[in-house]
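Enquirer: Take a look at the following structure, please.
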Amino acid sequence: MNLVSKDILSDFPISDKIYLNNASVSLMPNQSIEAMKEFLVTYNSIGPDSKDSEPFVTEKLRNVRKTISKIISCQPDEIILTQSTTDGINFVANGLSFENDSNIIIRGMSHEHHANFYPWIKLKEKISIKNLPIDINGFFKLDDLESYLDNNTKLVALSHALYNTGSILPVETIGKILHDKVPFFIDGAQSIGCIEDVDVSRIQCDFMSFNGSKWLCGPMGTGLFYCNRKSSELLEPKTIGGESAMIYDDSKIAYKELPDKFQAGFRNYVGIVGLESSANYLLNFGIRNIREKNQYLSNLFREELSKIPNVILYGPEDPNDRTSIISFNIKGSDSQEIVDKLEKQNIVLSVREIMEKKIVRASPHFFNTESQILKVIDAIKKL
């Protein structure tokens with residue numbers, strides 16, 4: 001399917017705005033909004049706590065796990081339904097067992113997204129945090145990673161793709177280095193839904209966390225946590241309830257099997273229905289085709305930006321090394337003022353940071369069009 005020339009913007013409920021902030025929260029397709037409405041109407045009509053409601057909800061949960069498992073190539077019961085990427089990161093940070101001489105390895109410190117930085121830094125009171133030095137785009141040397149590993153390393157925690165430069169880390173190569181040596185956690189918030197062939201078995205990661213509201217085009221408050229079945233034994237759940245555990249011998253607790261082990265309490269059922277609809281919408285086009293469209297749009301954006309005087313571009317030059325994120329600045333201009341001026345023209349970008357440097361970030365997705373990109377470039381020229 002040739003998505004480059006296909007205009008699907010009408011599938012999304014947006015008026016005259018040009019929305020290029022999908023790395024934060026993406027638009028939802030109309031069909032997902034309708035699916036959520038249909039779920040609520042049906043759920044209420046059969047009775048929320050009636051005998052018929054449980055199999056109705058259970059089927060919805062089963063469906064979304066099947067769909068997401070297709071996208072990352074895992075078993076459906078290895079998908080835990082959460083409310084955010086942050087939830088899954090905290091499952092690992094708070095669930096692993098550490099000795100006093102333990103250490104974990106992260107990348108870039110404040111170059112990393114807060115969600116994949118703060119939970120690990122909080123651990124520094126009881127373990128050692130090893131930080132991999134990075135280059136201007138956020139990449140590190142694999143030799144450095146290997147030299148940092150020792151018998152006390154309990155985890156390596158990395159982002160698959162970076163929220164600020166768009167750089168895509170070589171997670172499959174890293175997985176081969178770590179295989180059967182050290183547990184491997186991946187923050188997939190900026191990769192799932194916009195990078196094809198994300199295969200957790202090939203990556204050999206133990207855990208991965210991502211959300212539904214970015215590149216998967218799902219609703220806010222939906223998240224996914226992949227937990228390898230064998231690796232689940234490494235984690236103590238951070239919450240517990242009747243849905244996730246059981247009592248035996250009067251006072252002893254036994255956790256249920258995956259995915260229930262990590263799912264204490266009710267889920268965001270209506271959000272899960274919307275997420276499943278959005279994920280199927282993406283699969284209908286094919287993640288590889290979506291990646292091709294995104295690369296086309298981001299390459300066009302970068303190429304046109306490079307022609308504007310005083311524009312500074314960040315991120316890798318090779319489009320295969322980055323997502324569709326385009327980060328830039330204009331010499332002599334404040335990043336927030338640029339974003340504010342564009343928003344007054346119904347153009348939505350965002351301000352982010354690369355270390356301490358504030359930058360403007362654009363993040364087109366496959367429903368955006370070539371004409372929209374050119375309109376944004378024209379508006380930037382006139383600032």
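Each chain of the structure tokens is named A, B, ... in the order shown, its residues numbered from 1; ligands are numbered from 1 in display order.
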Show me, as a ChimeraX atom specification, the residues that have an atom within 7 Å of region 160-168 of chain A when counting only C-alpha atoms, minus same-chain residues fewer than 2 positions from it.

Expert: /A:113,137-138,158,170-171,186-188,190-191,314-316,321-325,327,352-354

Enquirer: Go ahead and write the selection's residues with N, CA, C and O atoms as a compact mmCIF listing (two decimals), in the first residue's frame.

Expert:
```txt
# COMPACT_ATOMS: atom_id res chain seq x y z
N HIS A 113 14.51 10.85 28.59
CA HIS A 113 13.19 11.31 29.00
C HIS A 113 13.02 11.08 30.50
O HIS A 113 13.50 10.09 31.05
N ASN A 137 24.04 13.08 19.19
CA ASN A 137 22.72 12.56 18.83
C ASN A 137 22.14 11.61 19.87
O ASN A 137 21.00 11.14 19.72
N GLY A 138 22.93 11.31 20.91
CA GLY A 138 22.44 10.44 21.97
C GLY A 138 22.90 9.00 21.88
O GLY A 138 22.53 8.18 22.72
N LEU A 158 17.30 1.18 28.62
CA LEU A 158 17.52 2.10 27.50
C LEU A 158 16.22 2.41 26.78
O LEU A 158 15.28 1.62 26.80
N PRO A 170 20.50 0.82 18.52
CA PRO A 170 20.61 -0.55 17.94
C PRO A 170 20.27 -1.61 18.98
O PRO A 170 21.13 -2.37 19.44
N VAL A 171 18.99 -1.71 19.34
CA VAL A 171 18.60 -2.56 20.46
C VAL A 171 18.82 -4.05 20.18
O VAL A 171 19.07 -4.82 21.11
N ILE A 186 13.54 -1.97 27.91
CA ILE A 186 13.45 -0.99 26.83
C ILE A 186 12.22 -0.10 27.03
O ILE A 186 11.12 -0.59 27.25
N ASP A 187 12.44 1.20 26.94
CA ASP A 187 11.35 2.16 26.85
C ASP A 187 11.00 2.28 25.37
O ASP A 187 11.76 2.82 24.57
N GLY A 188 9.82 1.76 25.00
CA GLY A 188 9.41 1.75 23.59
C GLY A 188 8.41 2.82 23.24
O GLY A 188 7.75 2.73 22.20
N GLN A 190 8.65 5.74 22.02
CA GLN A 190 8.86 6.46 20.77
C GLN A 190 9.13 5.54 19.58
O GLN A 190 9.59 6.01 18.53
N SER A 191 8.83 4.26 19.72
CA SER A 191 9.08 3.36 18.60
C SER A 191 7.88 2.50 18.21
O SER A 191 7.66 2.25 17.02
N TYR A 314 18.90 19.19 14.54
CA TYR A 314 19.49 18.20 15.44
C TYR A 314 19.06 16.80 15.00
O TYR A 314 18.09 16.63 14.28
N GLY A 315 19.80 15.82 15.47
CA GLY A 315 19.47 14.44 15.14
C GLY A 315 20.31 13.89 14.00
O GLY A 315 20.97 14.64 13.27
N PRO A 316 20.29 12.57 13.81
CA PRO A 316 21.10 11.93 12.78
C PRO A 316 20.72 12.38 11.37
O PRO A 316 19.55 12.65 11.08
N ASP A 321 18.40 6.10 10.75
CA ASP A 321 18.87 6.14 12.14
C ASP A 321 17.95 6.96 13.04
O ASP A 321 18.27 7.18 14.20
N ARG A 322 16.83 7.44 12.50
CA ARG A 322 15.94 8.28 13.31
C ARG A 322 14.47 8.00 12.97
O ARG A 322 14.16 7.43 11.93
N THR A 323 13.61 8.41 13.88
CA THR A 323 12.18 8.34 13.65
C THR A 323 11.78 9.57 12.84
O THR A 323 12.63 10.24 12.25
N SER A 324 10.50 9.91 12.83
CA SER A 324 10.06 11.09 12.09
C SER A 324 10.21 12.37 12.90
O SER A 324 9.82 13.45 12.44
N ILE A 325 10.78 12.29 14.09
CA ILE A 325 11.00 13.48 14.91
C ILE A 325 12.01 14.40 14.23
O ILE A 325 13.07 13.97 13.79
N SER A 327 13.94 17.91 15.20
CA SER A 327 14.23 18.89 16.23
C SER A 327 15.10 20.00 15.65
O SER A 327 16.06 19.72 14.93
N ARG A 352 10.86 20.89 23.52
CA ARG A 352 11.49 19.84 24.31
C ARG A 352 12.92 20.27 24.61
O ARG A 352 13.27 21.43 24.41
N GLU A 353 13.75 19.35 25.06
CA GLU A 353 15.11 19.74 25.40
C GLU A 353 16.10 18.64 25.01
O GLU A 353 15.77 17.47 24.99
N ILE A 354 17.30 19.09 24.66
CA ILE A 354 18.43 18.20 24.46
C ILE A 354 19.45 18.62 25.51
O ILE A 354 20.07 19.67 25.39
```

Enquirer: Could you go through region 121-193 of chain A and tell me which residues DSSP, when run on the backbone, assigns to strand (DSSP E or B), listing them as a PyMOL selection string?

Expert: chain A and resi 128-132+153-159+161+167-168+184-187

Enquirer: What would the file look like if the residues just selected were written as a PDB file, in the first residue's frame with N, CA and C atoms?

Expert:
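part-v1.pdb, written as the output of this step:
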```pdb
ATOM      1  N   SER A 128      24.402   1.378  42.669  1.00  0.00           N
ATOM      2  CA  SER A 128      25.228   2.245  41.820  1.00  0.00           C
ATOM      3  C   SER A 128      24.576   2.395  40.442  1.00  0.00           C
ATOM      4  N   ILE A 129      24.581   3.627  39.937  1.00  0.00           N
ATOM      5  CA  ILE A 129      24.049   3.909  38.602  1.00  0.00           C
ATOM      6  C   ILE A 129      25.214   4.212  37.673  1.00  0.00           C
ATOM      7  N   LYS A 130      25.376   3.416  36.636  1.00  0.00           N
ATOM      8  CA  LYS A 130      26.429   3.653  35.648  1.00  0.00           C
ATOM      9  C   LYS A 130      25.823   4.329  34.423  1.00  0.00           C
ATOM     10  N   ASN A 131      26.418   5.440  34.030  1.00  0.00           N
ATOM     11  CA  ASN A 131      25.887   6.221  32.920  1.00  0.00           C
ATOM     12  C   ASN A 131      26.773   6.104  31.689  1.00  0.00           C
ATOM     13  N   LEU A 132      26.199   5.653  30.573  1.00  0.00           N
ATOM     14  CA  LEU A 132      26.960   5.552  29.326  1.00  0.00           C
ATOM     15  C   LEU A 132      27.133   6.929  28.698  1.00  0.00           C
ATOM     16  N   THR A 153      25.979  -6.230  37.779  1.00  0.00           N
ATOM     17  CA  THR A 153      25.021  -5.495  36.956  1.00  0.00           C
ATOM     18  C   THR A 153      23.693  -6.242  36.929  1.00  0.00           C
ATOM     19  N   LYS A 154      22.639  -5.571  37.401  1.00  0.00           N
ATOM     20  CA  LYS A 154      21.327  -6.206  37.521  1.00  0.00           C
ATOM     21  C   LYS A 154      20.370  -5.822  36.399  1.00  0.00           C
ATOM     22  N   LEU A 155      20.716  -4.776  35.641  1.00  0.00           N
ATOM     23  CA  LEU A 155      19.802  -4.324  34.594  1.00  0.00           C
ATOM     24  C   LEU A 155      20.500  -3.321  33.688  1.00  0.00           C
ATOM     25  N   VAL A 156      20.135  -3.364  32.404  1.00  0.00           N
ATOM     26  CA  VAL A 156      20.453  -2.293  31.461  1.00  0.00           C
ATOM     27  C   VAL A 156      19.119  -1.717  31.003  1.00  0.00           C
ATOM     28  N   ALA A 157      18.940  -0.401  31.158  1.00  0.00           N
ATOM     29  CA  ALA A 157      17.671   0.261  30.828  1.00  0.00           C
ATOM     30  C   ALA A 157      17.913   1.345  29.789  1.00  0.00           C
ATOM     31  N   LEU A 158      17.295   1.184  28.616  1.00  0.00           N
ATOM     32  CA  LEU A 158      17.519   2.103  27.496  1.00  0.00           C
ATOM     33  C   LEU A 158      16.222   2.415  26.777  1.00  0.00           C
ATOM     34  N   SER A 159      16.186   3.563  26.117  1.00  0.00           N
ATOM     35  CA  SER A 159      15.093   3.870  25.196  1.00  0.00           C
ATOM     36  C   SER A 159      15.395   3.247  23.847  1.00  0.00           C
ATOM     37  N   ALA A 161      13.947   4.480  20.923  1.00  0.00           N
ATOM     38  CA  ALA A 161      14.122   5.684  20.130  1.00  0.00           C
ATOM     39  C   ALA A 161      14.042   6.880  21.070  1.00  0.00           C
ATOM     40  N   SER A 167      16.775   9.704  17.499  1.00  0.00           N
ATOM     41  CA  SER A 167      17.738   8.633  17.225  1.00  0.00           C
ATOM     42  C   SER A 167      17.189   7.274  17.625  1.00  0.00           C
ATOM     43  N   ILE A 168      17.435   6.279  16.773  1.00  0.00           N
ATOM     44  CA  ILE A 168      17.008   4.900  17.038  1.00  0.00           C
ATOM     45  C   ILE A 168      18.223   4.096  17.487  1.00  0.00           C
ATOM     46  N   PHE A 184      17.335  -6.912  30.410  1.00  0.00           N
ATOM     47  CA  PHE A 184      17.349  -5.774  29.489  1.00  0.00           C
ATOM     48  C   PHE A 184      15.947  -5.165  29.457  1.00  0.00           C
ATOM     49  N   PHE A 185      15.862  -3.870  29.833  1.00  0.00           N
ATOM     50  CA  PHE A 185      14.596  -3.138  29.778  1.00  0.00           C
ATOM     51  C   PHE A 185      14.644  -2.102  28.661  1.00  0.00           C
ATOM     52  N   ILE A 186      13.539  -1.974  27.907  1.00  0.00           N
ATOM     53  CA  ILE A 186      13.450  -0.988  26.829  1.00  0.00           C
ATOM     54  C   ILE A 186      12.221  -0.098  27.026  1.00  0.00           C
ATOM     55  N   ASP A 187      12.442   1.197  26.940  1.00  0.00           N
ATOM     56  CA  ASP A 187      11.349   2.163  26.853  1.00  0.00           C
ATOM     57  C   ASP A 187      10.996   2.282  25.365  1.00  0.00           C
TER      58      ASP A 187
END
```

Enquirer: Enumerate as a VMD selection string all residues of region 166-359 of chain A assigned to alpha helix (DSSP H) by DSSP on the backbone, naming them with the chain letters and numbers the document uses.

Expert: chain A and resid 171 to 178 200 to 203 269 to 285 287 to 305 335 to 343

Enquirer: Applying 10 Å and only C-alpha atoms, which residues near Tyr19 (chain A) remain after dropping the ones on its own chain fewer than 3 positions away? List them as a list in words.

Expert: Ile14, Asp16, Asn22, Ser26, Leu27, Glu343, Asn346, Ile347, Val348, Leu349, Ala362, Ser363, Pro364, His365, Phe367, Asn368 and Gln372 of chain A

Enquirer: Take the residues from that selection and put them in a file with all heavy atoms, as a CSV table (one decimal), in the first residue's frame.

Expert:
```
chain,number,residue,atom,x,y,z
A,14,ILE,N,-10.1,16.2,13.2
A,14,ILE,CA,-9.4,17.5,13.4
A,14,ILE,C,-9.8,18.4,12.4
A,14,ILE,O,-10.1,18.1,11.2
A,14,ILE,CB,-7.8,17.3,13.4
A,14,ILE,CG1,-7.2,18.6,13.9
A,14,ILE,CG2,-7.3,16.9,12.0
A,14,ILE,CD1,-5.7,18.4,14.3
A,16,ASP,N,-9.2,22.6,11.3
A,16,ASP,CA,-8.2,23.3,10.5
A,16,ASP,C,-6.8,23.4,11.0
A,16,ASP,O,-6.0,24.1,10.5
A,16,ASP,CB,-8.7,24.7,10.2
A,16,ASP,CG,-8.9,25.5,11.5
A,16,ASP,OD1,-9.0,24.8,12.6
A,16,ASP,OD2,-9.1,26.7,11.5
A,22,ASN,N,2.9,14.3,17.5
A,22,ASN,CA,2.5,13.0,17.7
A,22,ASN,C,3.4,12.2,18.6
A,22,ASN,O,3.0,11.2,19.2
A,22,ASN,CB,2.4,12.2,16.4
A,22,ASN,CG,1.3,12.8,15.5
A,22,ASN,OD1,0.1,12.6,15.7
A,22,ASN,ND2,1.7,13.6,14.5
A,26,SER,N,-0.8,11.5,20.1
A,26,SER,CA,-1.3,11.5,18.7
A,26,SER,C,-2.8,11.7,18.6
A,26,SER,O,-3.5,11.6,19.6
A,26,SER,CB,-0.9,10.1,18.0
A,26,SER,OG,-1.2,10.2,16.6
A,27,LEU,N,-3.2,11.9,17.4
A,27,LEU,CA,-4.7,12.0,17.1
A,27,LEU,C,-5.2,10.5,17.1
A,27,LEU,O,-4.5,9.6,16.8
A,27,LEU,CB,-5.0,12.6,15.8
A,27,LEU,CG,-4.5,14.1,15.6
A,27,LEU,CD1,-4.9,14.5,14.2
A,27,LEU,CD2,-5.1,15.0,16.6
A,343,GLU,N,1.3,28.2,17.0
A,343,GLU,CA,0.0,27.7,17.5
A,343,GLU,C,-1.1,28.7,17.2
A,343,GLU,O,-2.2,28.3,17.0
A,343,GLU,CB,0.1,27.4,19.0
A,343,GLU,CG,-1.1,26.7,19.5
A,343,GLU,CD,-0.9,25.5,20.4
A,343,GLU,OE1,0.3,25.2,20.7
A,343,GLU,OE2,-1.9,24.9,20.7
A,346,ASN,N,-2.6,27.9,14.1
A,346,ASN,CA,-3.2,26.6,14.1
A,346,ASN,C,-2.2,25.5,13.7
A,346,ASN,O,-2.6,24.5,13.0
A,346,ASN,CB,-4.5,26.5,13.2
A,346,ASN,CG,-5.6,27.2,13.9
A,346,ASN,OD1,-5.8,27.2,15.1
A,346,ASN,ND2,-6.5,27.8,13.0
A,347,ILE,N,-1.0,25.7,14.1
A,347,ILE,CA,0.1,24.7,13.8
A,347,ILE,C,0.6,24.3,15.2
A,347,ILE,O,1.1,25.1,15.9
A,347,ILE,CB,1.2,25.3,12.9
A,347,ILE,CG1,0.7,25.7,11.6
A,347,ILE,CG2,2.4,24.3,12.8
A,347,ILE,CD1,1.7,26.5,10.8
A,348,VAL,N,0.5,23.0,15.4
A,348,VAL,CA,0.9,22.5,16.8
A,348,VAL,C,2.2,21.7,16.7
A,348,VAL,O,2.3,20.6,16.1
A,348,VAL,CB,-0.2,21.6,17.3
A,348,VAL,CG1,0.2,21.1,18.7
A,348,VAL,CG2,-1.5,22.3,17.4
A,349,LEU,N,3.2,22.3,17.3
A,349,LEU,CA,4.5,21.6,17.6
A,349,LEU,C,4.8,21.7,19.1
A,349,LEU,O,3.8,21.9,19.8
A,349,LEU,CB,5.7,22.4,16.8
A,349,LEU,CG,5.9,22.0,15.3
A,349,LEU,CD1,4.7,22.6,14.5
A,349,LEU,CD2,7.2,22.6,14.8
A,362,ALA,N,9.1,18.8,16.0
A,362,ALA,CA,8.0,18.4,15.2
A,362,ALA,C,8.0,16.9,15.0
A,362,ALA,O,9.1,16.3,14.9
A,362,ALA,CB,8.1,19.1,13.8
A,363,SER,N,6.8,16.3,15.0
A,363,SER,CA,6.7,14.9,14.9
A,363,SER,C,5.5,14.4,14.1
A,363,SER,O,4.5,14.1,14.6
A,363,SER,CB,6.7,14.2,16.3
A,363,SER,OG,5.7,14.9,17.2
A,364,PRO,N,5.7,14.5,12.8
A,364,PRO,CA,4.6,14.1,11.9
A,364,PRO,C,4.3,12.6,12.0
A,364,PRO,O,5.2,11.8,12.3
A,364,PRO,CB,5.1,14.5,10.5
A,364,PRO,CG,6.6,14.5,10.6
A,364,PRO,CD,6.9,14.9,12.0
A,365,HIS,N,3.1,12.2,11.7
A,365,HIS,CA,2.7,10.8,11.7
A,365,HIS,C,2.0,10.5,10.3
A,365,HIS,O,1.9,11.5,9.5
A,365,HIS,CB,1.7,10.5,12.8
A,365,HIS,CG,1.7,9.0,13.2
A,365,HIS,ND1,2.5,8.0,12.6
A,365,HIS,CD2,1.1,8.3,14.2
A,365,HIS,CE1,2.3,6.9,13.2
A,365,HIS,NE2,1.4,7.0,14.2
A,367,PHE,N,-0.8,10.2,9.0
A,367,PHE,CA,-2.0,10.9,8.5
A,367,PHE,C,-1.7,12.3,8.1
A,367,PHE,O,-2.5,12.9,7.5
A,367,PHE,CB,-3.1,10.9,9.6
A,367,PHE,CG,-2.7,11.4,10.9
A,367,PHE,CD1,-2.5,12.8,11.1
A,367,PHE,CD2,-2.4,10.6,12.0
A,367,PHE,CE1,-2.1,13.3,12.4
A,367,PHE,CE2,-2.0,11.1,13.2
A,367,PHE,CZ,-1.9,12.4,13.4
A,368,ASN,N,-0.5,12.8,8.5
A,368,ASN,CA,-0.1,14.1,8.0
A,368,ASN,C,0.2,14.1,6.5
A,368,ASN,O,0.4,13.0,5.9
A,368,ASN,CB,1.1,14.6,8.7
A,368,ASN,CG,0.8,15.0,10.2
A,368,ASN,OD1,1.3,14.4,11.1
A,368,ASN,ND2,-0.2,15.9,10.4
A,372,GLN,N,0.6,19.9,4.2
A,372,GLN,CA,0.7,20.4,5.6
A,372,GLN,C,2.1,20.7,5.9
A,372,GLN,O,2.4,21.8,6.5
A,372,GLN,CB,0.2,19.4,6.6
A,372,GLN,CG,-1.3,19.2,6.6
A,372,GLN,CD,-1.8,18.2,7.7
A,372,GLN,OE1,-1.2,17.2,7.9
A,372,GLN,NE2,-2.9,18.6,8.3
```

Enquirer: Between A:Phe12, A:Gln204, A:Gly212, A:Ser110, which residue has the minimum interatomic distance to Ala279 (chain A), considering only C-alpha atoms?

Expert: A:Gly212

Enquirer: Show me, as a ChimeraX atom specification, the residues that have an atom within 9 Å of Leu149 (chain A) when counting only C-alpha atoms, minus same-chain residues fewer than 4 positions from it.

Expert: /A:104-105,144-145,153,178,182

Enquirer: With the cut-off set at 8 Å and counting only C-alpha atoms, tabulate each residue of region 262-357 of chain A with an atom at most that distance from an atom of region 57-64 of chain A, showing the nearest atom pair and its distance in Å to one decimal, ordered by chain and increasing number, as JSON lines.

Expert:
```
{"residue": "A:Tyr269", "atom": "CA", "partner": "A:Val57", "partner_atom": "CA", "distance": 7.3}
{"residue": "A:Ile272", "atom": "CA", "partner": "A:Val64", "partner_atom": "CA", "distance": 6.9}
{"residue": "A:Val273", "atom": "CA", "partner": "A:Lys60", "partner_atom": "CA", "distance": 6.5}
{"residue": "A:Leu275", "atom": "CA", "partner": "A:Val64", "partner_atom": "CA", "distance": 7.4}
{"residue": "A:Glu276", "atom": "CA", "partner": "A:Val64", "partner_atom": "CA", "distance": 4.9}
```

Enquirer: Contacts of Leu383 (chain A) at 10 Å or less, counting only C-alpha atoms, minus same-chain residues fewer than 6 places along, as number ranges by chain?

Expert: A: 330, 333, 337-338, 341-342

Enquirer: Which of these residues is nearest to Ser73 (chain A), using only C-alpha atoms: A:Ile203, A:Gly271, A:Lys37, A:Leu9?

Expert: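 Among the listed residues, the smallest separation from Ser73 (chain A) belongs to A:Ile203.
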
Enquirer: So that each row is one residue of region 55-173 of chain A with an atom at most 9 Å from region 229-236 of chain A, can you give its shortest atom pair and the distance in Å to one decimal, using only C-alpha atoms, rows by chain and rising number, as CSV?

Expert:
```
residue,atom,partner,partner_atom,distance
A:Gln75,CA,A:Arg229,CA,8.8
A:Asp77,CA,A:Arg229,CA,8.3
A:Glu78,CA,A:Arg229,CA,6.2
A:Phe91,CA,A:Leu235,CA,7.6
A:Val92,CA,A:Leu235,CA,6.6
A:Asn94,CA,A:Glu236,CA,7.9
A:Gly95,CA,A:Glu236,CA,4.5
A:Leu96,CA,A:Leu235,CA,5.0
A:Ser97,CA,A:Leu235,CA,7.5
```

Enquirer: Which residue, A:Pro29, A:Gly221, A:Gly242, A:Gly193, has the smallest gap to Ile71 (chain A) when you use only C-alpha atoms?

Expert: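 Nearest candidate to Ile71 (chain A) out of A:Pro29, A:Gly221, A:Gly242, A:Gly193: A:Gly193.
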
Enquirer: When you draw a straight line from CA of Leu297 (chain A) to CA of Ile377 (chain A), how long is it in Å?

Expert: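 Between CA of Leu297 (chain A) and CA of Ile377 (chain A) the gap works out to 12.0 Å.
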
Enquirer: Find the spatial neighbours of Asp87 (chain A), counting only C-alpha atoms, within a cut-off of 10 Å - ignore same-chain residues fewer than 6 positions away - and output them as a list of chain:residue names.

Expert: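 Listed by chain and then number, they are A:Leu81, A:Ala93, A:Ala115, A:Ser209, A:Phe210, A:Asn211, A:Gly223, A:Leu224, A:Phe225, A:Lys238.
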
Enquirer: Given the choices A:Pro319, A:Gly265, A:Gly47, A:Pro309, which gets closest to Arg291 (chain A) if the distance is worked out from only C-alpha atoms?

Expert: A:Pro319

Enquirer: When you count only C-alpha atoms, which of these residues is closest to Ile174 (chain A): A:Asp197, A:Glu257, A:Asp143, A:Glu292?

Expert: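 The closest residue to Ile174 (chain A) is A:Asp143.
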